[in-house]
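Just data-v1.cif here, mmCIF, C-alpha atoms:
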```cif
data_work
#
loop_
_atom_site.label_atom_id
_atom_site.label_comp_id
_atom_site.auth_asym_id
_atom_site.auth_seq_id
_atom_site.Cartn_x
_atom_site.Cartn_y
_atom_site.Cartn_z
CA MET A 5 -29.15 -9.02 -4.82
CA ASP A 6 -29.84 -11.89 -2.44
CA ILE A 7 -28.05 -15.22 -2.94
CA PRO A 8 -30.02 -18.11 -1.39
CA PRO A 9 -28.00 -20.48 0.79
CA GLU A 10 -29.36 -23.45 -1.17
CA LEU A 11 -27.86 -22.01 -4.36
CA VAL A 12 -24.47 -21.70 -2.68
CA GLU A 13 -24.66 -25.35 -1.66
CA ALA A 14 -25.77 -26.40 -5.15
CA LYS A 15 -22.77 -24.62 -6.67
CA ARG A 16 -20.38 -26.17 -4.16
CA ALA A 17 -21.72 -29.61 -5.00
CA VAL A 18 -20.71 -29.36 -8.66
CA GLU A 19 -17.95 -26.74 -8.91
CA PHE A 20 -14.90 -28.99 -8.66
CA GLY A 21 -16.33 -31.30 -11.30
CA LEU A 22 -16.75 -28.27 -13.57
CA LEU A 23 -13.27 -26.94 -12.78
CA ALA A 24 -11.83 -30.29 -13.82
CA LEU A 25 -13.08 -29.68 -17.37
CA PRO A 26 -10.41 -28.32 -19.75
CA GLY A 27 -10.49 -24.55 -20.07
CA VAL A 28 -12.74 -23.81 -17.06
CA ASN A 29 -11.12 -21.21 -14.76
CA ALA A 30 -13.74 -20.34 -12.15
CA VAL A 31 -17.29 -20.88 -10.94
CA GLY A 32 -19.21 -18.25 -9.00
CA LEU A 33 -22.51 -16.51 -8.29
CA GLY A 34 -23.63 -13.02 -9.12
CA MET A 35 -24.91 -10.74 -11.83
CA ARG A 36 -25.55 -12.20 -15.27
CA GLU A 37 -23.01 -11.06 -17.84
CA GLU A 38 -23.29 -11.14 -21.62
CA ASN A 39 -20.79 -9.62 -24.02
CA GLY A 40 -19.33 -7.48 -21.25
CA GLU A 41 -22.73 -6.11 -20.17
CA LEU A 42 -24.08 -6.76 -16.68
CA PHE A 43 -27.72 -7.47 -15.84
CA ASP A 44 -29.42 -7.33 -12.46
CA GLU A 45 -30.28 -11.01 -12.59
CA LEU A 46 -28.86 -13.70 -10.36
CA SER A 47 -26.75 -16.17 -12.30
CA VAL A 48 -24.21 -18.93 -11.91
CA VAL A 49 -21.07 -17.58 -13.62
CA ILE A 50 -18.53 -19.89 -15.24
CA TYR A 51 -15.20 -18.49 -16.49
CA VAL A 52 -13.67 -20.21 -19.49
CA GLU A 53 -10.31 -19.71 -21.15
CA ASP A 54 -11.68 -19.39 -24.68
CA MET A 55 -15.32 -18.89 -25.76
CA ALA A 56 -14.45 -20.54 -29.06
CA GLN A 57 -13.58 -23.75 -27.21
CA VAL A 58 -16.22 -24.05 -24.50
CA PRO A 59 -15.93 -27.59 -23.13
CA ASP A 60 -18.80 -30.04 -23.48
CA GLY A 61 -20.80 -30.87 -20.40
CA LEU A 62 -21.44 -27.39 -18.98
CA PRO A 63 -24.95 -27.23 -17.50
CA GLU A 64 -27.54 -24.65 -18.51
CA ARG A 65 -28.87 -24.35 -14.97
CA ILE A 66 -27.56 -25.09 -11.45
CA GLY A 67 -29.92 -25.06 -8.48
CA ASP A 68 -32.70 -23.87 -10.80
CA VAL A 69 -30.67 -20.75 -11.67
CA GLY A 70 -29.40 -20.02 -15.18
CA VAL A 71 -25.73 -20.31 -16.08
CA CYS A 72 -23.80 -17.62 -17.96
CA ILE A 73 -20.42 -18.36 -19.50
CA VAL A 74 -17.74 -15.66 -19.60
CA GLU A 75 -14.31 -15.69 -21.27
CA ARG A 76 -11.91 -14.73 -18.53
CA SER A 77 -8.69 -15.87 -16.87
CA VAL A 78 -7.52 -15.02 -13.39
CA GLU A 79 -3.97 -14.27 -12.30
CA PRO A 80 -2.28 -12.64 -9.30
CA CYS A 81 -2.26 -8.85 -9.27
CA GLY A 82 1.50 -8.84 -9.73
CA PHE A 83 2.82 -7.52 -6.44
CA PRO A 84 5.41 -6.86 -5.26
CA ASP A 85 5.66 -4.07 -7.82
CA VAL A 86 9.37 -3.42 -8.39
CA ALA A 87 8.94 -1.61 -11.68
CA ARG A 88 10.97 1.43 -12.64
CA TYR A 89 8.54 4.34 -12.97
CA PRO A 90 9.40 7.08 -15.49
CA ASP A 91 8.10 9.69 -13.05
CA VAL A 92 8.43 9.64 -9.27
CA ARG A 93 5.09 9.12 -7.54
CA GLY A 94 3.69 7.68 -4.33
CA GLY A 95 3.36 3.95 -3.69
CA ILE A 96 6.51 2.81 -5.52
CA ALA A 97 9.52 0.82 -4.35
CA ILE A 98 12.64 2.56 -3.06
CA ARG A 99 15.91 1.22 -1.65
CA LYS A 100 18.78 2.50 0.44
CA PRO A 101 22.07 0.56 0.11
CA HIS A 102 22.83 -1.49 3.22
CA VAL A 103 19.59 -0.28 4.91
CA GLY A 104 16.62 -1.83 3.18
CA THR A 105 13.66 -1.55 0.85
CA GLY A 106 10.40 0.25 1.42
CA THR A 107 7.75 2.41 -0.19
CA LEU A 108 7.88 6.03 -1.27
CA GLY A 109 4.56 7.11 0.24
CA ALA A 110 4.08 10.35 -1.68
CA VAL A 111 5.83 13.34 -3.17
CA VAL A 112 5.26 16.24 -0.77
CA VAL A 113 6.12 19.95 -0.62
CA ASP A 114 8.68 21.48 1.74
CA ALA A 115 6.98 24.13 3.90
CA GLN A 116 9.80 26.66 3.45
CA SER A 117 11.47 26.10 0.08
CA LEU A 118 8.44 24.53 -1.71
CA GLU A 119 10.83 21.88 -3.04
CA ARG A 120 9.18 18.57 -3.98
CA LEU A 121 10.48 15.89 -1.64
CA GLY A 122 9.80 12.17 -1.26
CA LEU A 123 8.16 10.93 1.95
CA SER A 124 8.96 7.56 3.51
CA CYS A 125 10.05 6.03 6.83
CA PHE A 126 13.35 6.59 8.61
CA HIS A 127 13.89 2.85 9.07
CA VAL A 128 13.68 2.54 5.26
CA THR A 129 15.98 5.45 4.36
CA GLY A 130 18.51 5.57 7.19
CA ASP A 131 20.30 8.75 8.22
CA ALA A 132 20.19 12.06 6.39
CA HIS A 133 22.90 13.59 4.19
CA GLU A 134 24.68 10.36 3.28
CA ALA A 135 26.36 10.93 -0.08
CA PHE A 136 26.05 8.99 -3.33
CA PRO A 137 25.92 6.04 -3.71
CA HIS A 138 24.43 5.78 -0.20
CA SER A 139 21.37 7.73 -1.29
CA ILE A 140 17.87 6.60 -2.30
CA TRP A 141 17.22 4.56 -5.44
CA GLN A 142 14.14 3.51 -7.43
CA PRO A 143 13.45 0.72 -7.83
CA ASP A 144 16.74 -0.84 -6.80
CA ASN A 145 20.29 0.30 -6.15
CA PRO A 146 23.08 -1.04 -8.38
CA PRO A 147 25.60 -3.41 -6.78
CA ILE A 148 28.15 -1.48 -4.79
CA ALA A 149 31.50 -3.20 -5.20
CA VAL A 150 35.02 -2.34 -6.18
CA GLY A 151 35.38 -2.18 -9.93
CA VAL A 152 31.62 -2.14 -10.62
CA SER A 153 30.39 0.88 -12.54
CA ILE A 154 27.38 2.56 -10.91
CA VAL A 155 24.74 3.92 -13.27
CA LYS A 156 22.93 6.93 -11.86
CA ASP A 157 19.70 6.57 -13.84
CA ASP A 158 17.77 5.05 -10.93
CA ASN A 159 19.13 7.39 -8.28
CA LEU A 160 16.57 9.75 -6.68
CA GLY A 161 18.70 11.82 -4.30
CA GLU A 162 19.91 12.09 -0.73
CA VAL A 163 17.86 11.92 2.45
CA GLU A 164 17.19 15.50 3.61
CA ARG A 165 15.88 15.11 7.18
CA VAL A 166 14.42 12.43 9.44
CA ASP A 167 12.37 11.94 12.59
CA PHE A 168 12.40 8.88 14.86
CA PRO A 169 12.34 8.05 18.60
CA GLN A 170 15.46 9.67 20.04
CA THR A 171 14.29 11.77 23.01
CA ALA A 172 14.12 10.62 26.64
CA PRO A 173 10.69 11.54 28.07
CA LEU A 174 12.25 12.13 31.50
CA PRO A 175 15.80 13.10 32.55
CA PHE A 176 18.14 10.09 32.76
CA SER A 177 15.39 7.80 31.42
CA PRO A 178 16.57 4.76 29.44
CA ILE A 179 13.49 5.14 27.25
CA LEU A 180 13.59 6.88 23.89
CA ALA A 181 10.32 8.25 22.54
CA GLY A 182 9.17 10.03 19.41
CA MET A 183 6.11 10.94 17.39
CA SER A 184 6.99 9.43 14.01
CA ASP A 185 9.27 7.17 11.98
CA ALA A 186 9.62 9.40 8.93
CA ALA A 187 12.04 10.78 6.36
CA LEU A 188 12.13 13.30 3.53
CA ILE A 189 14.15 12.61 0.39
CA HIS A 190 15.55 14.98 -2.22
CA LEU A 191 14.43 14.11 -5.74
CA ASP A 192 16.87 16.41 -7.54
CA VAL A 193 19.02 13.66 -9.05
CA ALA A 194 15.94 11.97 -10.51
CA ALA A 195 14.68 15.28 -11.90
CA ALA A 196 18.03 15.96 -13.56
CA ALA A 197 17.70 12.59 -15.28
CA GLY A 198 14.21 13.50 -16.54
CA ARG A 199 12.22 11.63 -13.89
CA LEU A 200 9.97 14.42 -12.64
CA PRO A 201 7.98 14.34 -9.38
CA SER A 202 4.26 13.57 -9.57
CA PRO A 203 1.53 14.18 -6.96
CA ALA A 204 -0.14 10.88 -7.88
CA ILE A 205 -0.30 7.65 -5.89
CA ALA A 206 0.14 4.51 -8.03
CA ASP A 207 -2.54 1.83 -8.12
CA GLN A 208 -2.17 -1.55 -9.82
CA GLY A 209 1.10 -0.78 -11.57
CA PRO A 210 2.76 0.95 -14.53
CA GLY A 211 0.38 1.90 -17.29
CA GLN A 212 -2.67 1.65 -15.03
CA PRO A 213 -4.82 4.50 -13.67
CA ASN A 214 -3.54 5.95 -10.40
CA LEU A 215 -5.14 5.30 -7.03
CA VAL A 216 -5.44 9.08 -6.72
CA GLY A 217 -4.21 11.79 -9.05
CA ALA A 218 -3.14 14.03 -6.16
CA VAL A 219 -3.77 14.37 -2.44
CA THR A 220 -6.18 17.24 -1.89
CA ALA A 221 -6.60 17.31 1.92
CA THR A 222 -5.38 15.85 5.20
CA ALA A 223 -7.72 14.16 7.65
CA ASP A 224 -8.46 15.52 11.11
CA LEU A 225 -8.53 12.41 13.24
CA ASN A 226 -9.80 14.46 16.19
CA ALA A 227 -13.04 15.26 14.37
CA PRO A 228 -16.12 13.93 16.21
CA GLY A 229 -16.95 10.38 15.23
CA TRP A 230 -13.84 9.87 13.10
CA LEU A 231 -12.99 6.54 14.73
CA PRO A 232 -13.67 3.87 13.52
CA HIS A 233 -12.88 4.86 9.94
CA ARG A 234 -12.42 3.14 6.60
CA ILE A 235 -8.98 3.67 5.04
CA ARG A 236 -6.68 2.31 2.32
CA LYS A 237 -3.04 2.33 1.33
CA ARG A 238 -0.82 1.43 -1.61
CA GLY A 239 2.52 -0.15 -0.83
CA PHE A 240 4.86 -1.73 -3.35
CA ALA A 241 4.78 -5.10 -1.53
CA THR A 242 1.03 -5.76 -1.24
CA GLY A 243 -0.43 -3.05 -3.46
CA PRO A 244 -3.75 -1.35 -2.65
CA THR A 245 -5.37 -2.74 0.49
CA ASN A 246 -8.27 -1.59 2.66
CA GLY A 247 -9.08 -1.72 6.33
CA LEU A 248 -10.68 -0.14 9.38
CA ALA A 249 -8.78 2.28 11.63
CA TYR A 250 -9.96 1.19 15.06
CA HIS A 251 -7.36 2.16 17.70
CA ARG A 252 -5.79 5.55 18.37
CA PHE A 253 -3.37 7.07 20.88
CA LEU A 254 -1.25 3.94 21.01
CA THR A 255 2.21 4.00 22.49
CA VAL A 256 3.95 1.21 20.58
CA ASN A 257 7.39 -0.33 20.80
CA TRP A 258 9.47 0.80 17.83
CA GLU A 259 11.55 -2.30 17.18
CA PRO A 260 14.24 -0.64 15.01
CA GLY A 261 15.27 1.32 18.10
CA GLY A 262 15.36 -1.67 20.44
CA PRO A 263 13.14 -2.67 23.39
CA ASN A 264 13.26 0.80 25.00
CA ALA A 265 12.20 2.85 21.96
CA PHE A 266 8.57 3.87 21.52
CA LEU A 267 6.32 5.76 19.15
CA ILE A 268 3.58 7.83 20.79
CA ASP A 269 -0.01 8.44 19.64
CA GLN A 270 -0.09 5.88 16.87
CA VAL A 271 -3.10 4.44 15.04
CA ALA A 272 -3.94 0.78 14.35
CA VAL A 273 -5.83 -0.44 11.29
CA LEU A 274 -7.44 -3.86 10.91
CA GLY A 275 -7.16 -5.02 7.33
CA ASP A 276 -9.99 -6.58 5.38
CA GLY A 277 -7.39 -9.24 4.66
CA VAL A 278 -3.64 -8.86 5.14
CA PHE A 279 -3.22 -5.09 5.22
CA CYS A 280 0.56 -4.80 4.80
CA ASP A 281 3.82 -6.68 4.51
CA GLN A 282 7.52 -5.96 4.83
CA GLY A 283 8.34 -3.40 2.18
CA ASP A 284 5.11 -1.44 2.62
CA SER A 285 6.67 0.81 5.27
CA GLY A 286 6.44 4.40 4.10
CA SER A 287 3.05 3.98 2.40
CA LEU A 288 0.67 6.89 2.58
CA VAL A 289 -2.60 5.95 4.28
CA LEU A 290 -5.64 7.50 2.58
CA GLU A 291 -9.37 7.82 3.10
CA GLU A 292 -11.03 4.81 1.49
CA THR A 293 -13.16 6.85 -0.90
CA GLY A 294 -11.19 10.01 -1.59
CA PRO A 295 -7.78 11.67 -2.04
CA THR A 296 -7.44 12.68 1.62
CA ALA A 297 -4.20 11.72 3.42
CA VAL A 298 -4.64 10.07 6.81
CA GLY A 299 -1.24 8.80 7.93
CA LEU A 300 2.18 7.27 7.27
CA LEU A 301 2.39 3.48 7.59
CA TRP A 302 5.43 2.12 9.42
CA GLY A 303 4.56 -1.21 11.10
CA ARG A 304 2.53 -4.41 11.15
CA ASN A 305 1.65 -7.14 13.62
CA LYS A 306 3.85 -10.23 13.74
CA GLN A 307 2.55 -13.71 12.97
CA SER A 308 0.60 -15.19 15.87
CA ALA A 309 -1.91 -17.92 16.62
CA PHE A 310 -4.66 -15.30 16.38
CA ALA A 311 -3.79 -13.44 13.18
CA PRO A 312 -1.49 -13.64 10.17
CA ALA A 313 1.40 -11.20 9.97
CA GLY A 314 0.23 -7.88 8.57
CA LYS A 315 -3.44 -8.29 9.39
CA THR A 316 -3.01 -5.17 11.54
CA GLY A 317 -1.00 -2.16 10.41
CA TYR A 318 0.29 0.81 12.42
CA PHE A 319 0.60 4.37 11.21
CA THR A 320 1.29 7.89 12.41
CA GLU A 321 -1.29 10.59 11.79
CA ILE A 322 -0.24 12.57 8.73
CA ARG A 323 -0.70 15.94 10.45
CA THR A 324 1.75 14.80 13.13
CA VAL A 325 4.31 13.76 10.49
CA GLN A 326 3.88 17.08 8.68
CA ALA A 327 4.46 19.01 11.91
CA GLN A 328 7.53 16.95 12.80
CA LEU A 329 9.27 17.36 9.44
CA GLY A 330 7.85 20.61 8.08
CA PHE A 331 6.10 19.76 4.82
CA SER A 332 2.66 19.63 3.20
CA THR A 333 1.13 16.55 1.65
CA VAL A 334 -1.13 18.78 -0.45
CA TRP A 335 0.62 20.55 -3.32
CA PRO A 336 -0.11 24.29 -3.67
#
```

What do you get writing this file as structure tokens?
Amino acid sequence: MDIPPELVEAKRAVEFGLLALPGVNAVGLGMREENGELFDELSVVIYVEDMAQVPDGLPERIGDVGVCIVERSVEPCGFPDVARYPDVRGGIAIRKPHVGTGTLGAVVVDAQSLERLGLSCFHVTGDAHEAFPHSIWQPDNPPIAVGVSIVKDDNLGEVERVDFPQTAPLPFSPILAGMSDAALIHLDVAAAAGRLPSPAIADQGPGQPNLVGAVTATADLNAPGWLPHRIRKRGFATGPTNGLAYHRFLTVNWEPGGPNAFLIDQVAVLGDGVFCDQGDSGSLVLEETGPTAVGLLWGRNKQSAFAPAGKTGYFTEIRTVQAQLGFSTVWP
């Protein structure tokens, strides 16, 4: 469907006058819509709050193109999503007391025990084997203070094992290097409270269809022609976002470890808009059109004169994370 430039200009010339009318929410161009049915016919689309109270003065045609009126309101998608999920699935908010908040990327399977574990980033979860209440919570940990009763309902479990830059690449080197910023989390406390693990990745929020029902494969980024590649992620801070993986084999400063800590062989993704924000760390990166895992998101670009913060995201290849921590993203 082609939209003539002169129609765009005609709409722009009148849209703010239309939006000033009571009950008008939006003015756009696209397919004609009637009673929820779409037709392959170019139309000027006007959203109104209530079809029973369509304001006077709406035109029948703009730029010699017919107008269709639709009852519809527009609101933000509702992120950050800090809801308490009855099951434990990917894409939801988690918190570690005195460490921070991030995203539980997915529920994965331990390679040896086949236990279901939560996957996130080390800089979100902190060190392993710290006892309750310094374990992982969803969506938020209760206040930890003397005389305050702690309710365990939102507790997931302790951090099992982690990987982060902690090895000097050369003897006596001041540099610390690593392959991933990752952590695995026990979910046994949640399961005991009836919050069972799920292979799904959340989409727009509780009660909505999932982004994927389960991860079914992991991507081979070394396959011929893989780069550039369309990908997506779901973090609790910005929700589902899409972008283009366009850099690989990056050695990147890992700020949580200071100026001499680096992650090796990382991937950069350029978002269609802002790709990620603080709190999205730990998100599972997926193929744009299927349930194939690509990587584990851990970082974003800072605000600059050239791009808003989070326009570019950084992730570790999922097969690298799996090898480092010994798990499978695909359930057996």

Of the candidates A:Phe240, A:Trp230, A:Phe310, A:Phe168, which shows the shortest atom-to-atom distance to Leu267 of chain A, using all atoms listed in the file?
A:Phe168

For the structure provided, state which residues fall under the PyMOL selection byres ((chain A and resi 215) around 8), and present them as a VMD selection string.
chain A and resid 204 to 208 213 to 214 216 to 217 238

List as a list in words: which residues have an atom within 10 Å of (6.4, -5.2, -10.7), counting all atoms listed in the file?
Cys81, Gly82, Phe83, Pro84, Asp85, Val86, Ala87, Arg88, Ile96, Ala97, Pro143, Gln208, Gly209, Pro210, Phe240 and Ala241 of chain A

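Atom pair atom CA of Ile73 of chain A / atom CA of Asn29 of chain A has a distance of 10.8 Å (rounded to one decimal).
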
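For the residues A:Gly27, A:Pro260, A:Pro101, A:Gly109, ranking by smallest atom-to-atom distance to Ala135 of chain A using all atoms listed in the file places A:Pro101 first.
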
Test item: the PyMOL selection byres ((chain A and resi 314) around 8) resolved as a ChimeraX atom specification:
/A:278-281,304-307,312-313,315-317

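The shortest atom-to-atom distance to Arg252 of chain A, with only C-alpha atoms taken into account, belongs to A:Leu225 out of A:Leu329, A:Ala265, A:Ile140, A:Leu225.
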
Leu121 of chain A environment, 12 Å, only C-alpha atoms, sequence neighbours closer than 3 positions dropped, as number ranges by chain:
A: 92-94, 108-118, 124, 140, 160-165, 187-195, 200-203, 329-333, 335

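What the PyMOL selection byres ((chain A and resi 273) around 10) grabs from this file is A:Pro232, A:His233, A:Arg234, A:Ile235, A:Arg236, A:Asn246, A:Gly247, A:Leu248, A:Ala249, A:Tyr250, A:His251, A:Arg252, A:Val271, A:Ala272, A:Leu274, A:Gly275, A:Asp276, A:Phe279, A:Leu301, A:Arg304, A:Gly314, A:Lys315, A:Thr316, A:Gly317, A:Tyr318, A:Phe319.
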
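Among the candidate residues A:Tyr89, A:Trp258, A:Trp141, A:Phe136, the one lying nearest to Arg199 of chain A is A:Tyr89, with distances computed using all atoms listed in the file.
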
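In terms of minimum interatomic distance to Phe266 of chain A, A:Thr171 ranks closest within A:Ser287, A:Gln282, A:Asn226, A:Thr171, counting only C-alpha atoms.
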
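Take atom CA of Asp269 of chain A and atom CA of Leu254 of chain A: the distance between them is 4.9 Å.
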
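Distance check against Gly106 of chain A using all atoms listed in the file: of A:Met183, A:Val74, A:Leu288, A:Leu174, the minimum falls on A:Leu288.
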